[in-house]
Structures are given as structure tokens and as C-alpha cells.
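Shown below: model-v8.txt, with compact mmCIF, C-alpha atoms.
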```txt
# COMPACT_ATOMS: atom_id res chain seq x y z
CA MET R 4 4.08 160.06 229.03
CA SER R 5 4.34 157.80 232.08
CA GLN R 6 1.52 157.15 234.54
CA ILE R 7 1.98 156.97 238.29
CA ASN R 8 -0.25 156.16 241.23
CA GLU R 9 -0.99 158.85 243.78
CA ASP R 10 -3.06 158.63 246.97
CA LYS R 11 -6.48 160.23 246.61
CA TYR R 12 -6.92 160.43 250.40
CA VAL R 13 -4.73 161.01 253.40
CA LEU R 14 -3.84 157.65 254.94
CA GLY R 15 -6.49 157.10 257.61
CA GLN R 16 -6.54 155.06 260.80
CA SER R 17 -9.57 153.75 262.66
CA VAL R 18 -10.16 153.56 266.38
CA THR R 19 -9.11 150.35 268.14
CA GLY R 20 -11.66 147.55 268.20
CA THR R 21 -11.46 144.34 270.22
CA VAL R 22 -12.74 140.92 269.16
CA SER R 23 -13.37 138.94 272.36
CA SER R 24 -14.78 135.69 270.99
CA SER R 25 -15.08 133.76 267.78
CA THR R 26 -18.75 134.68 267.49
CA GLU R 27 -18.36 138.39 268.12
CA GLU R 28 -18.59 140.86 265.29
CA ILE R 29 -17.29 144.44 265.51
CA GLN R 30 -17.60 147.33 263.12
CA LEU R 31 -14.69 149.68 262.37
CA ASP R 32 -15.80 152.55 260.19
CA LEU R 33 -13.30 155.02 258.81
CA ALA R 34 -13.94 158.38 257.14
CA LEU R 35 -11.11 159.20 254.77
CA GLU R 36 -9.88 162.77 254.41
CA GLU R 37 -9.28 163.99 250.89
CA ASN R 38 -5.63 164.56 250.06
CA THR R 39 -5.46 168.24 249.14
CA ASN R 40 -1.68 168.28 249.12
CA THR R 41 -1.17 166.30 245.96
CA SER R 42 2.42 166.45 244.81
CA THR R 43 2.61 167.25 241.14
CA GLY R 44 6.02 168.92 241.29
CA GLY R 45 9.51 167.50 241.20
CA ASN R 46 12.16 166.77 243.80
CA ILE R 47 15.71 168.11 243.91
CA SER R 48 18.28 166.54 246.21
CA GLY R 49 22.01 166.26 246.55
CA LYS R 50 25.04 166.74 248.74
CA VAL R 51 27.15 169.77 249.64
CA THR R 52 30.88 169.27 250.20
CA SER R 53 34.01 171.37 250.55
CA GLY R 54 37.39 169.81 249.89
CA GLY R 55 35.68 166.42 249.73
CA VAL R 56 34.20 166.83 253.23
CA ALA R 57 30.46 167.12 253.89
CA VAL R 58 29.26 170.62 254.83
CA PRO R 59 26.50 170.55 257.47
CA ASN R 60 24.13 173.50 257.93
CA ALA R 61 24.82 174.80 254.43
CA TYR R 62 21.98 176.65 252.73
CA VAL R 63 20.65 175.50 249.36
CA LYS R 64 18.52 178.17 247.72
CA LEU R 65 16.19 177.76 244.75
CA MET R 66 15.52 180.95 242.80
CA SER R 67 13.49 181.94 239.75
CA PRO R 68 15.16 183.00 236.47
CA THR R 69 14.92 186.61 237.76
CA TYR R 70 16.52 185.55 241.07
CA GLN R 71 13.35 185.74 243.13
CA PRO R 72 13.48 183.33 246.10
CA VAL R 73 11.32 180.20 245.78
CA MET R 74 12.37 177.85 248.59
CA HIS R 75 15.44 176.70 250.47
CA ALA R 76 16.78 173.77 252.47
CA VAL R 77 19.53 173.29 255.06
CA THR R 78 21.93 170.37 254.82
CA ASN R 79 22.04 167.71 257.53
CA SER R 80 25.15 166.42 259.31
CA GLU R 81 26.06 164.44 256.17
CA GLY R 82 25.78 167.50 253.92
CA GLU R 83 22.59 166.17 252.32
CA TYR R 84 19.56 168.24 251.37
CA SER R 85 16.20 167.78 249.68
CA LEU R 86 13.72 170.17 248.06
CA ASN R 87 10.36 168.48 247.62
CA ASN R 88 7.30 169.17 245.48
CA VAL R 89 9.05 171.89 243.51
CA PRO R 90 6.57 173.48 241.07
CA VAL R 91 7.15 172.83 237.39
CA GLY R 92 9.44 175.45 235.89
CA SER R 93 12.99 176.64 235.30
CA TYR R 94 15.19 177.66 238.22
CA THR R 95 18.70 178.43 239.36
CA ILE R 96 19.94 176.69 242.48
CA PHE R 97 22.69 178.03 244.76
CA SER R 98 24.50 176.83 247.85
CA ILE R 99 26.62 178.53 250.49
CA GLY R 100 28.13 177.41 253.78
CA LYS R 101 30.11 178.97 256.57
CA ASN R 102 33.24 180.72 255.25
CA THR R 103 32.56 179.60 251.66
CA GLN R 104 32.09 181.52 248.42
CA LEU R 105 28.78 181.82 246.61
CA GLN R 106 29.46 180.36 243.18
CA GLN R 107 27.62 180.62 239.90
CA GLY R 108 24.18 179.06 240.24
CA ASP R 109 23.31 175.74 238.63
CA PRO R 110 20.30 175.82 236.26
CA VAL R 111 17.62 173.17 236.69
CA THR R 112 14.35 172.61 234.83
CA VAL R 113 11.70 170.78 236.86
CA GLU R 114 8.96 168.68 235.31
CA LYS R 115 6.04 166.85 236.95
CA TYR R 116 7.19 164.06 239.26
CA GLY R 117 10.79 164.52 238.13
CA ASN R 118 13.74 163.74 240.40
CA TYR R 119 16.94 165.73 240.02
CA ILE R 120 20.37 165.47 241.62
CA ARG R 121 22.39 168.64 242.15
CA ASN R 122 25.60 168.32 244.17
CA PHE R 123 27.75 171.27 245.23
CA ALA R 124 31.51 171.43 245.83
CA LEU R 125 32.08 174.67 247.71
CA THR R 126 35.38 176.54 247.99
CA GLN R 127 36.64 178.49 250.94
CA ASN R 128 36.22 182.26 250.83
CA PRO R 129 39.56 183.82 251.84
CA ALA R 130 37.82 187.13 252.53
CA THR R 131 36.10 185.60 255.57
CA LEU R 132 39.50 185.32 257.25
CA LEU R 133 40.06 189.06 256.83
CA GLY R 134 38.90 191.52 259.44
CA ILE R 135 36.85 194.68 259.56
CA ILE R 136 37.63 197.58 261.87
CA ALA R 137 34.74 200.00 262.22
CA GLY R 138 33.19 202.38 264.69
CA ASP R 139 31.71 205.76 265.53
CA LEU R 140 33.60 208.96 266.37
CA THR R 141 31.78 211.38 268.64
CA ASN R 142 32.37 214.64 270.49
CA GLU R 143 33.14 213.68 274.08
CA ALA R 144 31.18 216.62 275.51
CA THR R 145 28.11 216.65 273.27
CA GLY R 146 27.92 213.09 271.97
CA LYS R 147 27.45 214.42 268.44
CA PRO R 148 29.21 212.70 265.52
CA VAL R 149 32.58 214.02 264.36
CA GLU R 150 32.79 214.30 260.58
CA GLY R 151 35.94 214.50 258.47
CA ALA R 152 38.33 212.79 260.89
CA VAL R 153 41.32 211.07 259.29
CA VAL R 154 41.68 207.51 260.59
CA SER R 155 45.03 205.89 259.74
CA LEU R 156 46.02 202.28 260.33
CA PHE R 157 49.68 201.34 260.89
CA THR R 158 51.32 197.94 261.40
CA ASN R 159 52.55 197.25 264.92
CA PRO R 160 55.46 196.75 265.09
CA GLY R 161 56.90 198.40 262.01
CA ASN R 162 54.71 201.51 261.90
CA VAL R 163 53.97 201.01 258.20
CA LEU R 164 50.88 202.82 256.94
CA THR R 165 48.39 200.16 255.81
CA ALA R 166 45.14 202.02 255.21
CA VAL R 167 43.49 205.43 255.54
CA THR R 168 39.82 206.26 255.80
CA TYR R 169 37.63 209.18 256.88
CA SER R 170 34.60 209.57 259.12
CA ASN R 171 31.34 210.45 257.37
CA ALA R 172 28.58 212.86 258.41
CA ASN R 173 27.43 210.33 261.02
CA GLY R 174 30.93 210.01 262.48
CA GLN R 175 31.27 206.50 261.08
CA TYR R 176 34.47 205.01 259.69
CA ALA R 177 35.40 201.53 258.45
CA PHE R 178 38.43 199.56 257.30
CA ARG R 179 37.68 196.45 255.26
CA SER R 180 39.70 193.36 254.27
CA ILE R 181 42.33 193.79 257.00
CA LYS R 182 44.75 190.90 257.45
CA ALA R 183 45.17 189.28 260.85
CA GLY R 184 47.76 190.99 263.03
CA SER R 185 48.45 193.86 265.39
CA TYR R 186 47.87 197.46 264.37
CA THR R 187 47.98 200.99 265.72
CA MET R 188 45.15 203.31 264.72
CA HIS R 189 45.61 207.09 264.65
CA ILE R 190 42.63 209.44 264.68
CA SER R 191 43.14 213.12 263.87
CA VAL R 192 40.80 215.99 263.07
CA PRO R 193 41.29 219.74 263.46
CA GLY R 194 39.85 221.02 266.73
CA TYR R 195 40.24 217.73 268.62
CA ALA R 196 43.06 216.03 270.49
CA PRO R 197 44.61 213.20 268.44
CA VAL R 198 43.99 209.62 269.59
CA THR R 199 46.12 206.50 269.21
CA LYS R 200 44.74 203.00 269.83
CA ASP R 201 46.24 199.50 269.56
CA ILE R 202 44.05 196.93 267.79
CA THR R 203 44.42 193.20 267.11
CA VAL R 204 42.65 191.45 264.25
CA PRO R 205 42.43 187.70 265.04
CA SER R 206 43.25 184.96 262.55
CA SER R 207 39.54 184.13 262.32
CA GLY R 208 38.77 187.60 260.96
CA GLY R 209 35.56 189.15 262.24
CA ILE R 210 34.53 192.70 263.05
CA GLN R 211 36.38 194.86 265.55
CA ASN R 212 33.98 197.56 266.74
CA ILE R 213 36.08 200.50 267.95
CA ASN R 214 34.11 203.57 269.01
CA GLN R 215 35.96 206.67 270.18
CA ALA R 216 34.88 209.85 271.94
CA LEU R 217 37.15 212.74 270.89
CA THR R 218 38.12 215.59 273.17
CA ALA R 219 37.73 219.07 271.72
CA THR R 220 40.78 221.29 272.15
CA PRO R 221 40.49 224.92 273.30
CA SER R 222 40.09 227.50 270.57
CA SER R 223 43.38 228.89 269.36
CA PRO R 224 44.43 231.42 266.72
CA ASN R 225 44.84 228.69 264.11
CA GLY R 226 44.34 229.35 260.43
CA THR R 227 42.21 227.99 257.63
CA VAL R 228 42.92 226.32 254.31
CA SER R 229 40.44 226.78 251.49
CA GLY R 230 40.27 226.66 247.72
CA ILE R 231 38.31 225.65 244.65
CA ILE R 232 38.50 222.27 242.93
CA THR R 233 38.14 222.61 239.15
CA ASP R 234 38.31 220.46 236.04
CA LYS R 235 41.66 221.22 234.38
CA THR R 236 40.23 220.80 230.88
CA THR R 237 37.02 222.80 231.21
CA GLY R 238 37.91 225.07 234.10
CA LYS R 239 34.52 224.33 235.64
CA PRO R 240 34.21 223.59 239.37
CA VAL R 241 33.98 219.96 240.49
CA PRO R 242 31.09 219.68 242.96
CA ASN R 243 31.27 217.29 245.93
CA ALA R 244 34.91 216.39 245.27
CA ASP R 245 36.78 214.55 248.03
CA VAL R 246 39.50 216.79 249.50
CA VAL R 247 42.24 215.60 251.86
CA LEU R 248 44.50 217.98 253.80
CA TYR R 249 48.08 216.78 254.32
CA SER R 250 50.71 218.24 256.60
CA GLU R 251 54.22 218.36 255.12
CA ASP R 252 57.40 218.04 257.17
CA ASP R 253 60.84 219.40 256.31
CA SER R 254 61.68 216.22 254.38
CA GLY R 255 58.61 216.53 252.19
CA ASN R 256 56.77 213.64 253.85
CA LEU R 257 52.98 214.01 253.77
CA THR R 258 50.60 212.98 256.55
CA PRO R 259 46.80 213.17 256.11
CA VAL R 260 45.24 215.29 258.86
CA ALA R 261 41.72 216.17 257.69
CA PHE R 262 39.09 215.31 255.11
CA THR R 263 36.13 217.18 253.64
CA ASN R 264 33.97 217.48 250.53
CA ALA R 265 33.78 220.45 248.21
CA ASN R 266 30.39 222.12 247.92
CA ALA R 267 28.27 222.44 244.79
CA ASN R 268 30.62 225.17 243.51
CA GLY R 269 33.79 223.15 244.12
CA VAL R 270 34.73 225.22 247.19
CA TYR R 271 36.29 223.48 250.19
CA LEU R 272 37.33 224.79 253.62
CA PHE R 273 39.39 223.41 256.49
CA GLY R 274 39.16 225.35 259.74
CA ASN R 275 41.28 225.38 262.91
CA VAL R 276 44.45 224.40 261.02
CA ALA R 277 47.59 224.58 263.17
CA PRO R 278 50.65 226.48 261.91
CA GLY R 279 52.70 224.46 259.41
CA LYS R 280 53.08 223.47 255.78
CA TYR R 281 50.19 221.78 254.00
CA LYS R 282 49.06 220.34 250.71
CA VAL R 283 45.66 219.19 249.53
CA LYS R 284 44.79 216.25 247.30
CA SER R 285 41.46 215.80 245.59
CA ASN R 286 39.53 213.41 243.41
CA ILE R 287 36.02 212.16 242.80
CA THR R 288 34.60 208.80 241.82
CA GLN R 289 32.20 208.18 238.96
CA SER R 290 30.04 205.31 237.82
CA VAL R 291 30.96 203.70 234.52
CA ILE R 292 29.14 201.13 232.42
CA VAL R 293 31.28 198.15 231.43
CA LYS R 294 30.08 196.45 228.26
```

As C-alpha cells - that is how I would like this structure written.
Amino acid sequence: MSQINEDKYVLGQSVTGTVSSSTEEIQLDLALEENTNTSTGGNISGKVTSGGVAVPNAYVKLMSPTYQPVMHAVTNSEGEYSLNNVPVGSYTIFSIGKNTQLQQGDPVTVEKYGNYIRNFALTQNPATLLGIIAGDLTNEATGKPVEGAVVSLFTNPGNVLTAVTYSNANGQYAFRSIKAGSYTMHISVPGYAPVTKDITVPSSGGIQNINQALTATPSSPNGTVSGIITDKTTGKPVPNADVVLYSEDDSGNLTPVAFTNANANGVYLFGNVAPGKYKVKSNITQSVIVK
């Protein structure tokens, strides 16, 4: 076991005294303050780079074995960081910078007065260059959320269907991981006028917040589509199943027009359905344990 020297007191400084002649004597007393911040822990330092280039303003996070936060540091302009007086113990240390991926943490065991070097070579996160398109759909007259709207995203030009999503009970919808480019978004829901909007996702990714107020159409003698979703093997109803209503043209092409969930008895219902040919598709997700 090695022995080191540590200051017992905080370094003190007296007031200024002046000696005016060779026979003058002055007294400079100094009351030392006890050092209550004795450093018995270790120090962790290092450098964060990406592609061999220093990463400034990257976060370096020290966490317990159960991933509870302990302390963090931010790198300087040279990508350097330092965590000082780290309590004795075992930790995992992580680092992340702008547009980089969070990698597997690096384990480190700290002993008294130990000094440890942990460098990080970060990789770019391609997902940060992808965009998100999200927003709220509301009734233009009442301001209330519109649930079950089908929101479709097409390339522009080309008109190729890229993604489909549905508004939830709060009227919210979201597309994730959308590549940069120009798109046309179609919004349709029975009882409301359809809406088409042009959207551009920049090369830098980011979030495009597109809210839309939908105009209710006058009541008309439209029909309904309803049914029961069951398990083919057991014959029992499938509660809360996702159900999508598709219109079918003369060539057999299907276009999603509405979305809903079956109730606890597997029953679903679409109202205000315009005349035409339709099909429904249904499924439900489940959680599985991967060993």
C-alpha cells in the first residue's frame, strides 16, 4: 500500500503587511481552515473522438452497476474530459455526442487515489439524419381530436406509398425514420373532407410538426361496415385488435381509408362509409420474451 501526502487545511493567505525599515517588526497571523473536502476517490480522464477528430461538448456519464447516474462531465474544445474524486467502487462509463450512437459502456473499477484513462471513439448515428413527421388532427369546428384517421405518405414525385399510420384517441399521428426528400401526405377519415399536403424532410433530418384541422362533411346516407375479429383456431373474439378499412377499385387495388380498434368482444364498426367496395385487415401485437 502506497502512502501519499494530502493537505490537512485549505491553503490560507494572510493580509498584506509592510516592513518600512530594517528595525521594524510586523506580525502576520493566519488562521487555517480545515480541509473538509479531502479527496480519497479516484480520477477518470480521457478524450472523445469521432473518425479521429475531437468531439467537443460530448457528454461522459458515469453510472453504477445498476445504471443509476453518479456524475458526468462535458468535453472541452479538444474533446478532453475529467471526472474527479470519484468514490471507490465499480462503474460503467458512457459517452455520447451530437449525432453519434450510444455504445456499450466501458467498465471501470475505482480505487483510492487511482487515476484511470478511458478514451471513446464514437460513431455517427445514421438515424439522426432521418426525419420525423408528426402532428395533431383536430375537428376544425370544435377543436376536438380526430381519432382513426388514415395518414398516408407518398414520394413526390413518383407517388409511391412510403408509409401509413393512424391517428390515436388524442388525434396524434407520427411517421418515424423518414429519409430526406419531398413527400405528399394524404389524410382521410370518414365524415371529413380529405386533405393533401406537400412536405419536405431536409438532409439534416429533424422533426416536421404538421398539425391539421379537418373539415367535417355534411351528413349523408352513407353506410357502415362492422364485424367481429376472432381467433381462427379457437373461434374466440380478439379484443382490441387493430382494424383497417380499405377501399377496393375495379382493378383490385386497395387504399386504406379508416382505422379503428375492436372492442373487448372483438366487435368493430366503421360509420359514414361512402358507397363502394371495401375490405378490412386486422392484426394485433403481442409482447414476447426473447431468451

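Each of R:Lys147, R:Pro259, R:Thr126, R:Asn214 was compared to R:Thr168 using only C-alpha atoms, and R:Pro259 turns out to be the nearest.
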
Dump as a PyMOL selection string all residues having an atom at most 12 Å from (-8.0, 154.2, 261.6), computed in the file's coordinates with only C-alpha atoms.
chain R and resi 13-20+30-36

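For the residues R:Thr158, R:Asn212, R:Thr165, R:Thr69, ranking by smallest atom-to-atom distance to R:Ala137 using all atoms listed in the file places R:Asn212 first.
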
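The closest residue to R:Ile120, picked from R:Ser85, R:Gln215, R:Thr203, R:Asn102 and counting all atoms listed in the file, is R:Ser85.
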
Please measure the separation of atom CA of R:Ser53 and atom CA of R:Val89, giving the value in Å to one decimal.
25.9 Å

With distances taken over all atoms listed in the file, the candidate from R:Ser170, R:Thr103, R:Ser155, R:Asn286 nearest R:Gly54 is R:Thr103

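Counting only C-alpha atoms, the residue from R:Thr141, R:Gln107, R:Asn256, R:Ser80 that sits nearest to R:Val192 is R:Thr141.
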
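Picture a line from atom CA of R:Asn118 to atom CA of R:Asn87; it runs 9.3 Å.
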
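Across the structure, atom CA of R:Thr52 and atom CA of R:His75 are spaced 17.1 Å apart.
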
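Among R:Ser25, R:Ser254, R:Thr145, R:Thr187, the residue with the shortest atom-to-atom distance to R:Val163, counting all atoms listed in the file, is R:Thr187.
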
Excluding same-chain residues fewer than 6 positions from R:Ala265, what lies within 7 Å of it counting all atoms listed in the file, as a list in words?
Pro242, Asn243, Ala244, Asp245, Val246 and Tyr271 of chain R

Exercise on stretch 44-63 of chain R, axis-aligned box with 8 Å per side, report centre and edge lengths in Å to one decimal, as JSON:
```
{"center_x": 21.7, "center_y": 171.5, "center_z": 249.6, "size_x": 47.4, "size_y": 26.4, "size_z": 32.7}
```

With a distance cut-off of 6 Å and all atoms listed in the file, select the neighbouring residues of stretch 226-235 of chain R, excluding the residue or stretch itself and same-chain residues fewer than 4 positions from it, and output the selection as a PyMOL selection string.
chain R and resi 239-241+269-276

Could you tell me, as a count of residues only, which residues have any atom at most 9 Å from (33.1, 203.0, 260.4), counting all atoms listed in the file?
17
